[in-house]
file coords09.cif (mmCIF, C-alpha atoms (C1' of nucleotides))
data_target
loop_
_atom_site.label_atom_id
_atom_site.label_comp_id
_atom_site.auth_asym_id
_atom_site.auth_seq_id
_atom_site.Cartn_x
_atom_site.Cartn_y
_atom_site.Cartn_z
CA MET S 239 249.62 55.52 267.56
CA THR S 240 247.60 56.26 269.82
CA ASP S 241 246.52 56.14 272.29
CA ILE S 242 248.11 54.75 274.35
CA ASN S 243 249.07 55.67 277.54
CA PHE S 244 251.39 53.13 278.05
CA SER S 245 253.06 52.51 281.03
CA GLY S 246 255.35 54.14 283.33
CA MET S 247 258.20 53.02 285.28
CA ALA S 248 258.63 54.36 288.65
CA ALA S 249 261.38 56.50 289.82
CA LYS S 250 261.05 55.45 293.36
CA PRO S 251 259.61 52.06 293.72
CA ASP S 252 259.21 50.95 297.20
CA SER S 253 257.33 47.78 296.89
CA GLU S 254 260.08 45.29 296.74
CA GLY S 255 262.93 46.97 298.31
CA ASP S 256 265.28 46.12 295.66
CA ASP S 257 263.42 47.27 292.75
CA HIS S 258 264.57 50.55 291.65
CA ALA S 259 265.62 51.89 288.39
CA PRO S 260 268.91 53.61 288.04
CA ALA S 261 268.72 55.45 284.81
CA ALA S 262 269.87 53.40 281.94
CA GLY S 263 272.22 51.08 283.70
CA GLY S 264 271.38 48.17 285.91
CA ARG S 265 267.97 47.19 284.68
CA ASP S 266 265.39 46.21 287.22
CA LEU S 267 263.10 43.25 287.32
CA ARG S 268 259.62 44.70 286.92
CA TRP S 269 259.76 48.12 285.40
CA ASP S 270 261.41 46.69 282.38
CA ILE S 271 258.23 44.75 281.72
CA ILE S 272 256.32 48.02 281.70
CA GLU S 273 258.60 49.35 279.00
CA LEU S 274 258.61 46.12 277.08
CA LEU S 275 254.83 46.15 277.00
CA PHE S 276 254.85 49.69 275.67
CA PHE S 277 257.25 49.00 272.84
CA ALA S 278 255.83 45.58 272.01
CA TYR S 279 252.33 46.96 271.79
CA ARG S 280 253.44 50.01 269.86
CA ASP S 281 255.04 47.89 267.16
CA PHE S 282 252.31 45.29 267.25
CA VAL S 283 249.54 47.76 266.46
CA GLY S 284 251.83 49.59 264.08
CA ASP S 285 251.76 46.59 261.77
CA ALA S 286 248.17 47.28 260.84
CA ASP S 287 248.45 51.03 260.49
CA GLN S 288 249.97 51.17 257.06
CA GLU S 289 247.44 48.76 255.66
CA LEU S 290 244.55 50.60 257.22
CA GLU S 291 245.65 53.83 255.63
CA ALA S 292 245.31 52.27 252.22
CA PHE S 293 241.66 51.59 253.01
CA GLY S 294 241.06 54.99 254.48
CA PHE S 295 240.42 53.52 257.86
CA GLY S 296 241.87 54.12 261.28
CA ARG S 297 242.43 52.00 264.29
CA ALA S 298 238.90 52.45 265.47
CA HIS S 299 237.67 50.73 262.33
CA HIS S 300 240.10 47.92 262.86
CA ARG S 301 238.91 47.23 266.36
CA VAL S 302 235.29 47.16 265.27
CA ILE S 303 235.64 45.03 262.18
CA HIS S 304 237.94 42.71 264.05
CA PHE S 305 235.61 41.88 266.88
CA VAL S 306 232.63 41.62 264.59
CA THR S 307 234.51 39.15 262.44
CA ARG S 308 235.70 37.20 265.38
CA TYR S 309 232.37 37.11 267.17
CA PRO S 310 229.66 37.02 264.51
CA GLY S 311 226.31 38.24 265.73
CA LEU S 312 227.77 40.60 268.27
CA LYS S 313 225.27 43.20 269.43
CA VAL S 314 226.06 46.89 269.40
CA ALA S 315 225.91 46.90 273.19
CA ASP S 316 228.46 44.06 273.35
CA LEU S 317 230.80 46.01 271.16
CA LEU S 318 230.52 49.02 273.43
CA ASP S 319 231.46 46.86 276.41
CA VAL S 320 234.47 45.43 274.68
CA LEU S 321 235.81 48.64 273.22
CA ARG S 322 234.84 50.74 276.20
CA ILE S 323 233.77 53.71 274.19
CA THR S 324 230.47 55.54 273.94
CA LYS S 325 227.85 54.71 271.38
CA GLN S 326 228.35 58.14 269.85
CA SER S 327 231.97 57.31 269.18
CA LEU S 328 231.13 53.91 267.83
CA GLY S 329 228.37 55.34 265.69
CA ARG S 330 230.46 57.13 263.17
CA VAL S 331 232.90 54.31 262.65
CA LEU S 332 230.25 51.63 262.49
CA LYS S 333 228.23 53.64 260.00
CA GLN S 334 231.22 53.90 257.69
CA LEU S 335 231.85 50.17 257.86
CA LEU S 336 228.17 49.50 257.13
CA ASP S 337 228.01 52.00 254.27
CA GLU S 338 231.12 50.62 252.65
CA GLY S 339 229.98 47.04 252.92
CA TYR S 340 232.36 45.61 255.46
CA ILE S 341 229.63 44.81 257.96
CA VAL S 342 225.93 44.02 257.79
CA GLN S 343 223.25 44.24 260.44
CA LYS S 344 220.51 41.73 261.10
CA THR S 345 217.58 42.26 263.37
CA GLY S 346 217.66 40.01 266.39
CA ASN S 347 215.32 37.03 266.36
CA ASN S 348 214.33 37.09 269.98
CA ASP S 349 214.60 40.80 270.43
CA ARG S 350 213.86 42.84 267.37
CA ARG S 351 215.44 45.94 268.86
CA GLN S 352 218.85 44.39 268.59
CA ARG S 353 221.08 44.86 265.57
CA LEU S 354 223.31 41.84 265.32
CA LEU S 355 226.52 42.56 263.48
CA TYR S 356 228.18 40.33 260.92
CA ALA S 357 231.24 40.87 258.77
CA THR S 358 230.80 40.50 255.03
CA PRO S 359 233.36 38.53 253.00
CA LYS S 360 234.86 41.91 252.19
CA GLY S 361 235.15 42.67 255.87
CA GLU S 362 236.58 39.28 256.68
CA ALA S 363 239.19 39.67 253.99
CA LEU S 364 240.35 42.94 255.48
CA VAL S 365 240.53 41.46 258.94
CA ALA S 366 242.45 38.47 257.64
CA LYS S 367 244.95 40.71 255.95
CA LEU S 368 245.54 42.77 259.05
CA ALA S 369 245.65 39.79 261.36
CA GLY S 370 248.18 38.12 259.11
CA LEU S 371 250.67 40.85 259.78
CA GLN S 372 250.19 40.51 263.48
CA THR S 373 250.25 36.73 263.65
CA ASP S 374 253.44 36.86 261.63
CA ARG S 375 254.97 39.01 264.31
CA ILE S 376 253.72 36.71 267.03
CA ASN S 377 254.99 33.63 265.25
CA ARG S 378 258.39 35.24 264.91
CA ALA S 379 258.37 36.15 268.57
CA VAL S 380 257.54 32.66 269.77
CA ALA S 381 259.90 30.98 267.35
CA GLY S 382 262.50 30.40 270.00
CA ILE S 383 260.07 29.49 272.74
CA ASP S 384 258.90 25.96 273.45
CA PRO S 385 255.18 25.09 273.73
CA ALA S 386 255.26 25.22 277.52
CA GLY S 387 256.83 28.66 277.35
CA VAL S 388 254.18 29.89 274.96
CA GLU S 389 251.56 28.68 277.38
CA THR S 390 253.31 30.65 280.09
CA VAL S 391 253.11 33.76 277.94
CA ARG S 392 249.40 33.18 277.50
CA GLN S 393 248.97 32.66 281.20
CA PHE S 394 250.76 35.93 281.88
CA LEU S 395 248.62 37.89 279.44
CA ARG S 396 245.43 36.42 280.83
CA ALA S 397 246.49 37.32 284.33
CA MET S 398 247.06 40.92 283.25
CA ILE S 399 243.38 41.31 282.35
CA ASP S 400 240.72 42.54 284.77
CA ARG S 401 238.16 39.93 285.51
CA ASP S 402 235.74 42.01 287.54
CA ASP S 403 233.22 42.70 284.87
CA PRO S 404 233.80 40.23 282.13
CA ASP S 405 231.87 41.12 279.05
CA LYS S 406 230.63 38.66 276.50
CA VAL S 407 233.89 38.50 274.61
CA LEU S 408 236.03 38.06 277.69
CA GLU S 409 233.79 35.26 278.82
CA ALA S 410 234.49 33.51 275.56
CA ILE S 411 238.20 34.03 275.97
CA PHE S 412 238.32 32.80 279.50
CA GLY S 413 236.09 29.92 278.72
CA GLY S 414 233.87 30.88 281.51
CA GLY S 415 235.84 28.87 283.86
CA ARG S 416 239.28 28.73 284.93
CA LYS S 417 241.83 30.61 283.31
CA THR S 418 243.26 28.26 280.97
CA ARG S 419 241.07 27.37 278.23
CA GLU S 420 239.33 24.78 279.99
CA MET O 935 241.87 54.57 275.15
CA THR O 936 242.92 55.16 273.27
CA ASP O 937 244.32 54.86 270.73
CA ILE O 938 245.11 52.14 269.99
CA ASN O 939 244.48 50.03 267.20
CA PHE O 940 244.99 46.85 268.66
CA SER O 941 245.07 43.78 266.98
CA GLY O 942 242.95 41.76 264.79
CA MET O 943 242.40 38.17 264.38
CA ALA O 944 242.00 36.82 261.01
CA ALA O 945 238.96 35.21 259.65
CA LYS O 946 240.83 33.28 257.08
CA PRO O 947 244.35 32.67 258.03
CA ASP O 948 246.31 30.82 255.55
CA SER O 949 249.77 30.97 256.78
CA GLU O 950 249.92 27.91 258.89
CA GLY O 951 247.25 25.75 257.58
CA ASP O 952 245.89 24.90 260.86
CA ASP O 953 245.37 28.23 262.28
CA HIS O 954 241.89 29.31 261.90
CA ALA O 955 239.41 30.75 264.22
CA PRO O 956 235.96 29.38 264.47
CA ALA O 957 233.94 32.12 266.04
CA ALA O 958 233.86 31.93 269.75
CA GLY O 959 234.25 28.22 270.20
CA GLY O 960 237.41 26.22 269.77
CA ARG O 961 240.00 28.81 270.51
CA ASP O 962 243.02 28.85 268.30
CA LEU O 963 246.65 29.06 269.17
CA ARG O 964 247.79 32.40 267.76
CA TRP O 965 244.84 34.68 267.30
CA ASP O 966 244.06 34.36 270.92
CA ILE O 967 247.35 36.04 271.67
CA ILE O 968 246.24 38.98 269.54
CA GLU O 969 243.13 39.36 271.64
CA LEU O 970 244.97 38.78 274.89
CA LEU O 971 247.39 41.53 274.00
CA PHE O 972 244.54 43.90 273.31
CA PHE O 973 242.77 43.29 276.60
CA ALA O 974 245.93 43.08 278.66
CA TYR O 975 247.18 46.36 277.28
CA ARG O 976 243.79 48.01 277.60
CA ASP O 977 243.61 47.22 281.30
CA PHE O 978 247.29 47.88 281.85
CA VAL O 979 247.13 51.43 280.57
CA GLY O 980 243.75 51.89 282.16
CA ASP O 981 245.37 51.69 285.58
CA ALA O 982 247.00 55.04 285.10
CA ASP O 983 244.05 56.82 283.51
CA GLN O 984 242.09 57.54 286.64
CA GLU O 985 245.11 58.91 288.42
CA LEU O 986 246.07 61.06 285.48
CA GLU O 987 242.66 62.64 285.41
CA ALA O 988 243.14 63.85 288.95
CA PHE O 989 246.20 65.74 287.77
CA GLY O 990 244.54 67.05 284.66
CA PHE O 991 246.87 65.08 282.48
CA GLY O 992 246.36 62.61 279.70
CA ARG O 993 248.27 59.64 278.44
CA ALA O 994 250.56 61.81 276.40
CA HIS O 995 251.80 63.46 279.57
CA HIS O 996 252.34 60.10 281.17
CA ARG O 997 254.49 58.86 278.34
CA VAL O 998 256.64 61.97 278.40
CA ILE O 999 257.15 62.25 282.13
CA HIS O 1000 257.76 58.55 282.32
CA PHE O 1001 260.59 58.40 279.86
CA VAL O 1002 262.15 61.55 281.16
CA THR O 1003 262.14 60.11 284.67
CA ARG O 1004 263.48 56.83 283.50
CA TYR O 1005 266.18 58.27 281.30
CA PRO O 1006 267.35 61.51 282.90
CA GLY O 1007 268.99 63.90 280.49
CA LEU O 1008 267.01 62.68 277.51
CA LYS O 1009 267.11 65.14 274.64
CA VAL O 1010 263.95 66.36 272.96
CA ALA O 1011 265.03 64.58 269.80
CA ASP O 1012 265.41 61.31 271.71
CA LEU O 1013 261.93 61.65 273.07
CA LEU O 1014 260.56 62.15 269.58
CA ASP O 1015 262.23 58.95 268.45
CA VAL O 1016 260.84 56.97 271.33
CA LEU O 1017 257.31 58.28 271.20
CA ARG O 1018 257.22 58.46 267.43
CA ILE O 1019 255.30 61.68 267.32
CA THR O 1020 256.08 65.06 265.80
CA LYS O 1021 257.68 67.84 267.74
CA GLN O 1022 254.52 69.87 267.38
CA SER O 1023 252.58 67.19 269.19
CA LEU O 1024 255.22 66.86 271.84
CA GLY O 1025 255.46 70.61 272.22
CA ARG O 1026 252.17 71.27 273.91
CA VAL O 1027 252.45 68.40 276.35
CA LEU O 1028 256.06 69.10 277.20
CA LYS O 1029 255.32 72.77 277.75
CA GLN O 1030 252.60 71.93 280.24
CA LEU O 1031 254.88 69.61 282.16
CA LEU O 1032 257.57 72.29 282.23
CA ASP O 1033 255.16 75.06 283.25
CA GLU O 1034 253.70 72.98 286.03
CA GLY O 1035 257.06 71.98 287.38
CA TYR O 1036 257.18 68.27 286.59
CA ILE O 1037 260.15 68.59 284.30
CA VAL O 1038 263.10 70.96 283.97
CA GLN O 1039 265.39 71.63 281.04
CA LYS O 1040 269.13 72.07 281.15
CA THR O 1041 271.28 73.28 278.32
CA GLY O 1042 273.61 70.61 277.03
CA ASN O 1043 277.23 70.89 278.03
CA ASN O 1044 278.80 69.81 274.80
CA ASP O 1045 276.09 71.15 272.57
CA ARG O 1046 274.38 74.22 273.89
CA ARG O 1047 271.49 73.82 271.44
CA GLN O 1048 270.28 70.76 273.24
CA ARG O 1049 267.69 70.92 276.01
CA LEU O 1050 268.31 67.98 278.27
CA LEU O 1051 265.22 66.95 280.17
CA TYR O 1052 265.06 65.98 283.82
CA ALA O 1053 262.13 65.13 286.04
CA THR O 1054 261.74 67.17 289.20
CA PRO O 1055 260.94 65.41 292.50
CA LYS O 1056 257.34 66.36 291.80
CA GLY O 1057 257.55 64.67 288.44
CA GLU O 1058 259.23 61.60 289.85
CA ALA O 1059 256.56 61.27 292.49
CA LEU O 1060 253.85 61.25 289.87
CA VAL O 1061 255.65 58.67 287.79
CA ALA O 1062 256.22 56.52 290.87
CA LYS O 1063 252.55 56.64 291.72
CA LEU O 1064 251.48 55.65 288.25
CA ALA O 1065 254.12 52.98 287.90
CA GLY O 1066 253.11 51.51 291.22
CA LEU O 1067 249.68 50.70 289.88
CA GLN O 1068 251.16 49.01 286.89
CA THR O 1069 253.87 47.07 288.67
CA ASP O 1070 251.20 45.86 291.08
CA ARG O 1071 249.32 44.44 288.14
CA ILE O 1072 252.47 42.86 286.75
CA ASN O 1073 253.39 41.39 290.09
CA ARG O 1074 249.94 39.89 290.40
CA ALA O 1075 250.20 38.49 286.90
CA VAL O 1076 253.53 36.80 287.48
CA ALA O 1077 252.59 35.55 290.93
CA GLY O 1078 251.98 32.04 289.69
CA ILE O 1079 254.89 31.96 287.30
CA ASP O 1080 258.37 30.77 288.22
CA PRO O 1081 261.47 32.87 287.48
CA ALA O 1082 262.26 30.97 284.32
CA GLY O 1083 258.72 31.55 283.12
CA VAL O 1084 258.98 35.26 283.81
CA GLU O 1085 262.14 35.34 281.78
CA THR O 1086 260.26 33.63 278.97
CA VAL O 1087 257.63 36.37 279.11
CA ARG O 1088 260.37 38.96 278.87
CA GLN O 1089 261.92 37.13 275.95
CA PHE O 1090 258.58 37.07 274.17
CA LEU O 1091 257.98 40.78 274.67
CA ARG O 1092 261.47 41.64 273.50
CA ALA O 1093 261.00 39.54 270.40
CA MET O 1094 257.78 41.42 269.60
CA ILE O 1095 259.69 44.68 269.25
CA ASP O 1096 261.15 45.96 265.98
CA ARG O 1097 264.89 46.16 266.09
CA ASP O 1098 265.49 47.89 262.78
CA ASP O 1099 265.98 51.36 264.04
CA PRO O 1100 266.72 51.11 267.69
CA ASP O 1101 266.60 54.48 269.31
CA LYS O 1102 268.54 55.46 272.35
CA VAL O 1103 266.04 54.02 274.80
CA LEU O 1104 265.69 50.73 272.99
CA GLU O 1105 269.42 50.38 272.94
CA ALA O 1106 269.40 50.68 276.69
CA ILE O 1107 266.70 48.08 276.98
CA PHE O 1108 268.29 45.56 274.70
CA GLY O 1109 271.73 46.38 275.72
CA GLY O 1110 270.89 44.51 278.66
CA GLY O 1111 273.52 42.40 277.62
CA ARG O 1112 276.21 44.39 276.32
CA LYS O 1113 275.38 47.59 274.76
CA THR O 1114 273.70 48.92 277.65
CA ARG O 1115 275.68 51.75 278.29
CA GLU O 1116 276.73 50.34 280.82
"C1'" DC N 128 196.47 48.01 277.61
"C1'" DA N 129 199.22 51.70 279.33
"C1'" DA N 130 203.58 52.89 281.33
"C1'" DG N 131 208.13 52.34 281.56
"C1'" DA N 132 212.55 50.38 280.41
"C1'" DT N 133 215.74 48.98 276.90
"C1'" DA N 134 218.50 48.95 272.41
"C1'" DC N 135 219.77 51.71 269.22
"C1'" DG N 136 220.45 55.98 266.39
"C1'" DT N 137 221.62 60.74 265.98
"C1'" DC N 138 222.35 65.88 266.57
"C1'" DA N 139 225.35 69.23 268.69
"C1'" DA N 140 229.21 70.87 271.05
"C1'" DT N 141 233.72 70.01 272.91
"C1'" DA N 142 238.50 67.97 274.10
"C1'" DT N 143 242.72 65.39 273.33
"C1'" DG N 144 246.29 64.12 270.78
"C1'" DA N 145 247.87 63.44 266.60
"C1'" DC N 146 249.18 65.48 261.77
"C1'" DT N 147 251.44 68.78 257.81
"C1'" DG N 148 253.71 72.85 256.55
"C1'" DA N 149 256.01 76.96 257.36
"C1'" DC N 150 259.01 79.84 259.72
"C1'" DA N 151 262.35 81.60 263.57
"C1'" DT N 152 266.42 81.34 266.45
"C1'" DA N 153 270.59 79.91 268.40
"C1'" DA N 154 274.50 77.25 268.13
"C1'" DA N 155 277.40 73.92 265.92
"C1'" DT N 156 279.83 72.47 261.71
"C1'" DT N 157 282.01 73.13 257.32
"C1'" DA F 252 280.37 83.16 255.91
"C1'" DA F 253 277.32 79.63 254.69
"C1'" DT F 254 275.01 75.71 256.06
"C1'" DT F 255 273.13 72.36 259.00
"C1'" DT F 256 271.23 70.97 263.32
"C1'" DA F 257 268.28 71.23 267.62
"C1'" DT F 258 264.64 73.26 269.19
"C1'" DG F 259 260.43 76.14 269.45
"C1'" DT F 260 256.20 77.89 267.61
"C1'" DC F 261 252.21 79.55 264.68
"C1'" DA F 262 248.28 78.01 262.01
"C1'" DG F 263 245.20 74.79 260.31
"C1'" DT F 264 243.39 70.10 260.04
"C1'" DC F 265 242.03 65.34 261.25
"C1'" DA F 266 240.64 61.17 263.97
"C1'" DT F 267 238.77 59.72 267.84
"C1'" DA F 268 236.99 60.33 271.97
"C1'" DT F 269 233.74 62.77 275.32
"C1'" DT F 270 228.87 64.54 277.55
"C1'" DG F 271 224.19 65.69 277.07
"C1'" DA F 272 219.85 65.59 274.87
"C1'" DC F 273 216.38 63.69 272.21
"C1'" DG F 274 213.79 60.26 269.06
"C1'" DT F 275 211.93 55.78 267.95
"C1'" DA F 276 211.06 51.05 267.91
"C1'" DT F 277 210.36 47.28 270.77
"C1'" DC F 278 210.19 44.52 274.87
"C1'" DT F 279 208.57 44.06 279.70
"C1'" DT F 280 205.61 44.93 283.47
"C1'" DG F 281 201.91 46.61 286.41
#
call {"tool": "encode", "arguments": {"input": "coords09.cif", "output": "structure tokens"}}
result
Amino acid sequence: MTDINFSGMAAKPDSEGDDHAPAAGGRDLRWDIIELLFFAYRDFVGDADQELEAFGFGRAHHRVIHFVTRYPGLKVADLLDVLRITKQSLGRVLKQLLDEGYIVQKTGNNDRRQRLLYATPKGEALVAKLAGLQTDRINRAVAGIDPAGVETVRQFLRAMIDRDDPDKVLEAIFGGGRKTRE
Amino acid sequence: MTDINFSGMAAKPDSEGDDHAPAAGGRDLRWDIIELLFFAYRDFVGDADQELEAFGFGRAHHRVIHFVTRYPGLKVADLLDVLRITKQSLGRVLKQLLDEGYIVQKTGNNDRRQRLLYATPKGEALVAKLAGLQTDRINRAVAGIDPAGVETVRQFLRAMIDRDDPDKVLEAIFGGGRKTRE
DNA sequence: CAAGATACGTCAATATGACTGACATAAATT
DNA sequence: AATTTATGTCAGTCATATTGACGTATCTTG
């Protein structure tokens, strides 16, 4: 797992006076969320890892095929914004997915320089398989939470995201308007 | 960023009948959480990246110094369980942190083979700085959420974590109720 | 139209953080 | 005394990321 820097809890918090973390006893109110995010995300992405191995892919492939499936017609430049990697890094992974038939490119109608990306049925099937594992985990996690609570979770996650430079995908997520769906 | 495989939304979900994701319009109820987790985590860990660069460290260093600060006296073996990496991978990073004075080792009292890890004031200061950025983000995110809602968020995150093989740190986190060392 | 900017692809070199496998040492356990 | 455990380390490899440079097709602009 990667990558992931994850978090950090502070040894000497000073922001709220009362917030400090005495070793393993007496849990605090905010740093525990840092840790929870680390472990939750670690296990969440771990779900897909085993499956990916069977296909000879890594997490980078998952991210690419996922967003292409989810946002058909995504341009290469859009993908770079979303993933925040360089085109050189994307290149290798994207080429593999193209060569192995998980993604196809179509020349843009308005701008023929663009290569619009689309998942093939093969690609969609892979994404569906991987997403199934993760939605299963999410469904289990929200099992004991009422609809209003689930909306609160969504609100929290949305509020954790930077909105300074919303790329195309983030705009879709945030509905362009207010935070909640619309 | 690594690292991080992240998520995936499915193109053809079939688990709940109603859960499917039509491109970028008509957002669904579960797959959006997959994406939200990806972006939230991406930005969350991104907070620390710039700071780490200034110190010449990477995310791996952050994870190590963080947990050592948070759980003083952690054994090397405990750290391997938490981070889920091999000792070879940990070795290089840990050695750097030791050499540069962010961490010190002490021989275990009961078992003299053990190297118990402790953060130095220098190490704690770094962790505090990094954690501050992340708790700021969390505090901003929960600003519009009432205490009960925040507890719901915590409940959700806890439920996202695998409990099969709880390591020492996870026990502390979940012991919140009773096993926490206390 | 010519010049420049843009979207994309690619070659080359490098870094980080992970891996497997093997082996060494000290200290605890049997 | 033999074995197991906790840790460290050497050596090689892999996946994914980086920067920098360059090429080419295509769109935009003066």
call {"tool": "interface_residues", "arguments": {"input": "coords09.cif", "of": "chain S", "to": "chain N", "cutoff": "10 Å", "atoms": "only C-alpha atoms (C1' of nucleotides)", "output": "ChimeraX atom specification"}}
result
/S:239-241,313-315,325-326,329-330,349-353
call {"tool": "axis_aligned_box", "arguments": {"input": "coords09.cif", "around": "segment 252-268 of chain F", "padding_each_side": "6 Å", "output": "AutoDock Vina command-line options"}}
result
--center_x 258.7 --center_y 71.4 --center_z 263.3 --size_x 55.4 --size_y 35.4 --size_z 29.3
call {"tool": "calpha_fit_rmsd", "arguments": {"input": "coords09.cif", "fixed": "chain S", "moving": "chain O"}}
result
1.7 Å
call {"tool": "closest_residue", "arguments": {"input": "coords09.cif", "among": "S:Phe295, S:Tyr340, S:Tyr356, S:Trp269", "to": "chain O", "atoms": "all atoms listed in the file"}}
result
S:Trp269
call {"tool": "atom_distance", "arguments": {"input": "coords09.cif", "atom1": "atom CA of Leu318 of chain S", "atom2": "atom C1' of DT269 of chain F"}}
result
14.2 Å
call {"tool": "closest_residue", "arguments": {"input": "coords09.cif", "among": "F:DA262, F:DC278, F:DC273, F:DA257", "to": "chain O", "atoms": "all atoms listed in the file"}}
result
F:DA257
call {"tool": "closest_residue", "arguments": {"input": "coords09.cif", "among": "S:His304, S:Asp405, S:Ala292, S:Asp319", "to": "chain O", "atoms": "all atoms listed in the file"}}
result
S:His304
call {"tool": "resolve_selection", "arguments": {"input": "coords09.cif", "expression": "the PyMOL selection byres ((chain F) within 12 of (chain S))", "output": "PyMOL selection string"}}
result
chain F and resi 265-271+275-279
call {"tool": "resolve_selection", "arguments": {"input": "coords09.cif", "expression": "the PyMOL selection byres ((chain O and resi 1085-1092) around 7)", "output": "compact mmCIF listing (two decimals) with C-alpha atoms, in the frame of the given file"}}
result
# COMPACT_ATOMS: atom_id res chain seq x y z
CA ILE S 271 258.23 44.75 281.72
CA LEU S 274 258.61 46.12 277.08
CA LEU S 275 254.83 46.15 277.00
CA ALA S 278 255.83 45.58 272.01
CA ALA S 379 258.37 36.15 268.57
CA VAL S 380 257.54 32.66 269.77
CA GLY S 387 256.83 28.66 277.35
CA VAL S 391 253.11 33.76 277.94
CA PRO O 1081 261.47 32.87 287.48
CA ALA O 1082 262.26 30.97 284.32
CA GLY O 1083 258.72 31.55 283.12
CA VAL O 1084 258.98 35.26 283.81
CA ALA O 1093 261.00 39.54 270.40
CA MET O 1094 257.78 41.42 269.60
CA ILE O 1095 259.69 44.68 269.25
call {"tool": "atom_distance", "arguments": {"input": "coords09.cif", "atom1": "atom CA of Ala1106 of chain O", "atom2": "atom CA of Glu273 of chain S"}}
result
11.1 Å
call {"tool": "closest_residue", "arguments": {"input": "coords09.cif", "among": "S:Ala366, S:Leu336, S:Leu321, S:Val302", "to": "chain O", "atoms": "only C-alpha atoms"}}
result
S:Ala366
